[in-house]
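Engineer: What follows is a structure written as structure tokens; I'll ask about it next.
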Amino acid sequence: AAASGLAFMSREQAEPYVLTLLGSLSVVGVFSLFAGAIGLLRFSVRTTPSPVPAAFINTLDEGVLVTERDGRIVYANAAYANVVGAETPGDVRSVERVFSFDPAATDAIFHLARAAEDNRGGEEEIRLPHPLGQAEGSPRWYRVRVRPLTLGGKQEKTRTCTVWQVADISDHRTEQETSFQELQRVINFLDHAPAGFFSCDGAGRLVYLNATLADWIGYDLVTFKAGSLSLSDFIRGDGAELFLTMNGQAGEVKTEIFDLDLVARSGRSIPVRIHHRVPFGAQGRAGESRSLVLNRSKGEDASEALRSSEVRFARFFNNTPIAIASVARDGPIRKTNAP
């Protein structure tokens, strides 16, 4: 504008104005040089943002949505659009709106939204009757997480956004349910096996017994708690000492076979053979056993070999109140009964 105005003036008339304009520009230039030297004035250079962050987030399998504190969407990756069923950028909605249609998800989303307002993280698992963005389909499980995200640095004003992460974990849940059902089947098979089974710790306290053994000795498996029952509660005489006196080296696993009598709560005696397997840990401490109990009563086992005289003698040897030991000629003790 100044140049255009001076063009219509004569040289003599324009000369003072030109000098004034040049002087003013010189002052501005000198001031800018000093301001730049002391850091008061900075010249920013426009740089192209790196495509790596966006490319990385877009390759995540978990949906990511970044929103402002007022709910405006800042960014959503491709996985989020896929999870919520958004076909175009205009179809992308906030997490609150996506889950608002299902009453079962309302409480979970409300808790997460409150956590986001308080700048806290949170996580919830939500089960929906059908996939997001669809009116029908099989039930689906979703894991929803929220956490605050602070943007900005020392040179610019900071602002806090909210990061929502949404993942479809239905396949993982299906695997868990399948594994749980298989585990339940295995436990059911073990509980109702034709042989008894129990596990005890080094002090003789039972940590597990199956339904078959519980039925033999007259205990209610429903009320059984780990550690509430000891071997001496259902093994006649001093037979429990046979289990407690087993010893071994660290890392060793020993198996012993005992023929003795169990005593039921009714007082009935049950001849059994117990295969007792014990692992020994650090310093030779006995770990939790794996003990198989075979019933030798008539009617429980028809095999005559299982009621041989050797078995009867073993029961007598282990259940008699008389202390008996077998000693070798050179002195070492070979075998002892519990007393």
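Please note that chains go A, B, ... in the order of the structure tokens, that every chain numbers its residues from 1, and that ligands are numbered from 1 in the order shown.
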Near Tyr17 (chain A), counting only C-alpha atoms, which residues have an atom at most 10 Å away, once you skip same-chain residues fewer than 5 positions from it, shown as a PDB file with N, CA, C and O atoms, in the first residue's frame?
Structural biologist:
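What ended up in result-v2.pdb:
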ATOM      1  N   ALA A   2       1.997   1.190   0.806  1.00  0.00           N
ATOM      2  CA  ALA A   2       2.905   2.339   0.829  1.00  0.00           C
ATOM      3  C   ALA A   2       3.550   2.548  -0.537  1.00  0.00           C
ATOM      4  O   ALA A   2       3.677   3.676  -1.026  1.00  0.00           O
ATOM      5  N   LEU A   6       3.270   5.901  -2.879  1.00  0.00           N
ATOM      6  CA  LEU A   6       4.442   6.668  -3.277  1.00  0.00           C
ATOM      7  C   LEU A   6       4.577   6.763  -4.782  1.00  0.00           C
ATOM      8  O   LEU A   6       5.219   7.694  -5.306  1.00  0.00           O
ATOM      9  N   GLU A  12      10.622  14.350  -5.106  1.00  0.00           N
ATOM     10  CA  GLU A  12      10.899  15.245  -3.989  1.00  0.00           C
ATOM     11  C   GLU A  12       9.897  15.045  -2.858  1.00  0.00           C
ATOM     12  O   GLU A  12      10.237  15.064  -1.675  1.00  0.00           O
ATOM     13  N   LEU A  22      11.892   3.233   5.358  1.00  0.00           N
ATOM     14  CA  LEU A  22      13.103   2.416   5.467  1.00  0.00           C
ATOM     15  C   LEU A  22      13.631   2.427   6.899  1.00  0.00           C
ATOM     16  O   LEU A  22      14.111   1.415   7.425  1.00  0.00           O
ATOM     17  N   GLY A  23      13.560   3.571   7.569  1.00  0.00           N
ATOM     18  CA  GLY A  23      14.001   3.641   8.961  1.00  0.00           C
ATOM     19  C   GLY A  23      13.164   2.748   9.861  1.00  0.00           C
ATOM     20  O   GLY A  23      13.686   2.057  10.741  1.00  0.00           O
TER      21      GLY A  23
END
Engineer: I want to know what sits within 7 Å of region 267-272 of chain A, based on only C-alpha atoms, with residues of the same chain fewer than 2 positions away left out; could you give that as a PyMOL selection string?
Structural biologist: chain A and resi 259-265+274+293-297
Engineer: When DSSP works through the backbone of this structure, what residues of region 16-212 of chain A end up as strand (DSSP E or B), shown as a ChimeraX atom specification?
Structural biologist: /A:63-67,73-76,122-128,140-151,159-168,196-200,205-209
Engineer: Using DSSP assignments from the backbone, pull out every residue in region 147-325 of chain A that falls under alpha helix (DSSP H) and give it to me as a ChimeraX atom specification.
Structural biologist: /A:170-191,211-217,240-244,309-319
Engineer: Show me, as a PyMOL selection string, the residues that have an atom within 7 Å of Ser289 (chain A) when counting only C-alpha atoms, minus same-chain residues fewer than 3 positions from it.
Structural biologist: chain A and resi 199-201+276-279
Engineer: If you keep N, CA and C atoms, can you produce a file of those selected residues as a compact mmCIF listing (two decimals), in the first residue's frame?
Structural biologist:
# COMPACT_ATOMS: atom_id res chain seq x y z
N SER A 199 -4.99 -86.73 48.22
CA SER A 199 -3.70 -86.06 48.23
C SER A 199 -3.52 -85.43 49.59
N CYS A 200 -2.35 -85.64 50.20
CA CYS A 200 -2.09 -85.07 51.51
C CYS A 200 -0.74 -84.35 51.49
N ASP A 201 -0.57 -83.42 52.42
CA ASP A 201 0.70 -82.71 52.52
C ASP A 201 1.66 -83.48 53.41
N HIS A 276 1.07 -94.93 47.27
CA HIS A 276 1.36 -93.59 47.79
C HIS A 276 2.60 -93.03 47.09
N ARG A 277 2.40 -91.97 46.32
CA ARG A 277 3.49 -91.37 45.55
C ARG A 277 3.75 -89.97 46.08
N VAL A 278 5.01 -89.70 46.48
CA VAL A 278 5.34 -88.43 47.13
C VAL A 278 6.55 -87.79 46.46
N PRO A 279 6.45 -86.52 46.04
CA PRO A 279 7.62 -85.79 45.55
C PRO A 279 8.30 -85.07 46.72
Engineer: In Å, with one decimal, what is the gap from CA of Asn318 (chain A) to CA of Arg290 (chain A)?
Structural biologist: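 These two atoms are separated by 20.4 Å.
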Engineer: As a list in words, please: the residues near region 118-133 of chain A (cut-off 6 Å, only C-alpha atoms, same-chain neighbours under 5 positions excluded).
Structural biologist: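 So the residues in contact are Val84, Gly85, Leu112, Ser138, Pro139, Arg140, Trp141, Tyr142, Arg143, Val144, Arg145, Val146, Arg147 and Pro148 of chain A.
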Engineer: Could you write out the selected residues, including N, CA, C and O atoms, as a PDB file, in the first residue's frame?
Structural biologist:
ATOM      1  N   VAL A  84     -16.903 -52.053  15.812  1.00  0.00           N
ATOM      2  CA  VAL A  84     -18.216 -51.429  16.012  1.00  0.00           C
ATOM      3  C   VAL A  84     -19.073 -51.480  14.754  1.00  0.00           C
ATOM      4  O   VAL A  84     -20.218 -51.001  14.766  1.00  0.00           O
ATOM      5  N   GLY A  85     -18.546 -52.027  13.676  1.00  0.00           N
ATOM      6  CA  GLY A  85     -19.338 -52.168  12.460  1.00  0.00           C
ATOM      7  C   GLY A  85     -19.497 -50.889  11.674  1.00  0.00           C
ATOM      8  O   GLY A  85     -20.518 -50.708  10.989  1.00  0.00           O
ATOM      9  N   LEU A 112     -16.649 -46.860  33.505  1.00  0.00           N
ATOM     10  CA  LEU A 112     -15.478 -46.465  32.720  1.00  0.00           C
ATOM     11  C   LEU A 112     -15.500 -44.965  32.413  1.00  0.00           C
ATOM     12  O   LEU A 112     -14.450 -44.305  32.439  1.00  0.00           O
ATOM     13  N   SER A 138     -24.814 -64.409  17.191  1.00  0.00           N
ATOM     14  CA  SER A 138     -24.476 -65.129  18.410  1.00  0.00           C
ATOM     15  C   SER A 138     -23.925 -64.165  19.464  1.00  0.00           C
ATOM     16  O   SER A 138     -23.396 -63.098  19.122  1.00  0.00           O
ATOM     17  N   PRO A 139     -24.043 -64.505  20.737  1.00  0.00           N
ATOM     18  CA  PRO A 139     -23.522 -63.626  21.805  1.00  0.00           C
ATOM     19  C   PRO A 139     -22.023 -63.398  21.650  1.00  0.00           C
ATOM     20  O   PRO A 139     -21.283 -64.280  21.223  1.00  0.00           O
ATOM     21  N   ARG A 140     -21.590 -62.197  22.024  1.00  0.00           N
ATOM     22  CA  ARG A 140     -20.177 -61.839  21.912  1.00  0.00           C
ATOM     23  C   ARG A 140     -19.696 -61.218  23.224  1.00  0.00           C
ATOM     24  O   ARG A 140     -20.460 -60.578  23.944  1.00  0.00           O
ATOM     25  N   TRP A 141     -18.409 -61.409  23.497  1.00  0.00           N
ATOM     26  CA  TRP A 141     -17.754 -60.819  24.663  1.00  0.00           C
ATOM     27  C   TRP A 141     -16.800 -59.724  24.199  1.00  0.00           C
ATOM     28  O   TRP A 141     -16.074 -59.915  23.226  1.00  0.00           O
ATOM     29  N   TYR A 142     -16.805 -58.590  24.914  1.00  0.00           N
ATOM     30  CA  TYR A 142     -15.913 -57.478  24.584  1.00  0.00           C
ATOM     31  C   TYR A 142     -15.173 -57.027  25.846  1.00  0.00           C
ATOM     32  O   TYR A 142     -15.768 -56.956  26.925  1.00  0.00           O
ATOM     33  N   ARG A 143     -13.884 -56.729  25.665  1.00  0.00           N
ATOM     34  CA  ARG A 143     -13.103 -56.134  26.744  1.00  0.00           C
ATOM     35  C   ARG A 143     -12.904 -54.656  26.412  1.00  0.00           C
ATOM     36  O   ARG A 143     -12.358 -54.317  25.359  1.00  0.00           O
ATOM     37  N   VAL A 144     -13.344 -53.778  27.301  1.00  0.00           N
ATOM     38  CA  VAL A 144     -13.283 -52.335  27.083  1.00  0.00           C
ATOM     39  C   VAL A 144     -12.360 -51.733  28.142  1.00  0.00           C
ATOM     40  O   VAL A 144     -12.541 -51.964  29.340  1.00  0.00           O
ATOM     41  N   ARG A 145     -11.382 -50.964  27.686  1.00  0.00           N
ATOM     42  CA  ARG A 145     -10.441 -50.297  28.585  1.00  0.00           C
ATOM     43  C   ARG A 145     -10.469 -48.798  28.319  1.00  0.00           C
ATOM     44  O   ARG A 145     -10.749 -48.365  27.200  1.00  0.00           O
ATOM     45  N   VAL A 146     -10.142 -48.026  29.335  1.00  0.00           N
ATOM     46  CA  VAL A 146     -10.080 -46.579  29.195  1.00  0.00           C
ATOM     47  C   VAL A 146      -8.885 -46.071  30.007  1.00  0.00           C
ATOM     48  O   VAL A 146      -8.555 -46.622  31.060  1.00  0.00           O
ATOM     49  N   ARG A 147      -8.236 -45.022  29.491  1.00  0.00           N
ATOM     50  CA  ARG A 147      -7.115 -44.405  30.204  1.00  0.00           C
ATOM     51  C   ARG A 147      -6.934 -42.987  29.683  1.00  0.00           C
ATOM     52  O   ARG A 147      -7.287 -42.679  28.538  1.00  0.00           O
ATOM     53  N   PRO A 148      -6.388 -42.105  30.517  1.00  0.00           N
ATOM     54  CA  PRO A 148      -6.148 -40.720  30.063  1.00  0.00           C
ATOM     55  C   PRO A 148      -4.900 -40.641  29.189  1.00  0.00           C
ATOM     56  O   PRO A 148      -3.976 -41.442  29.325  1.00  0.00           O
TER      57      PRO A 148
END
Engineer: Extract, using only C-alpha atoms, all DNA, RNA and protein residues at most 7 Å from region 243-250 of chain A, discarding same-chain residues fewer than 5 positions from it, and format them as a VMD selection string.
Structural biologist: chain A and resid 202 to 204 280 to 284
Engineer: Write out as a PyMOL selection string each polymer residue whose atoms come within 10 Å of Leu60 (chain A), counting only C-alpha atoms; drop sequence neighbours fewer than 5 positions from it.
Structural biologist: chain A and resi 55+77-80
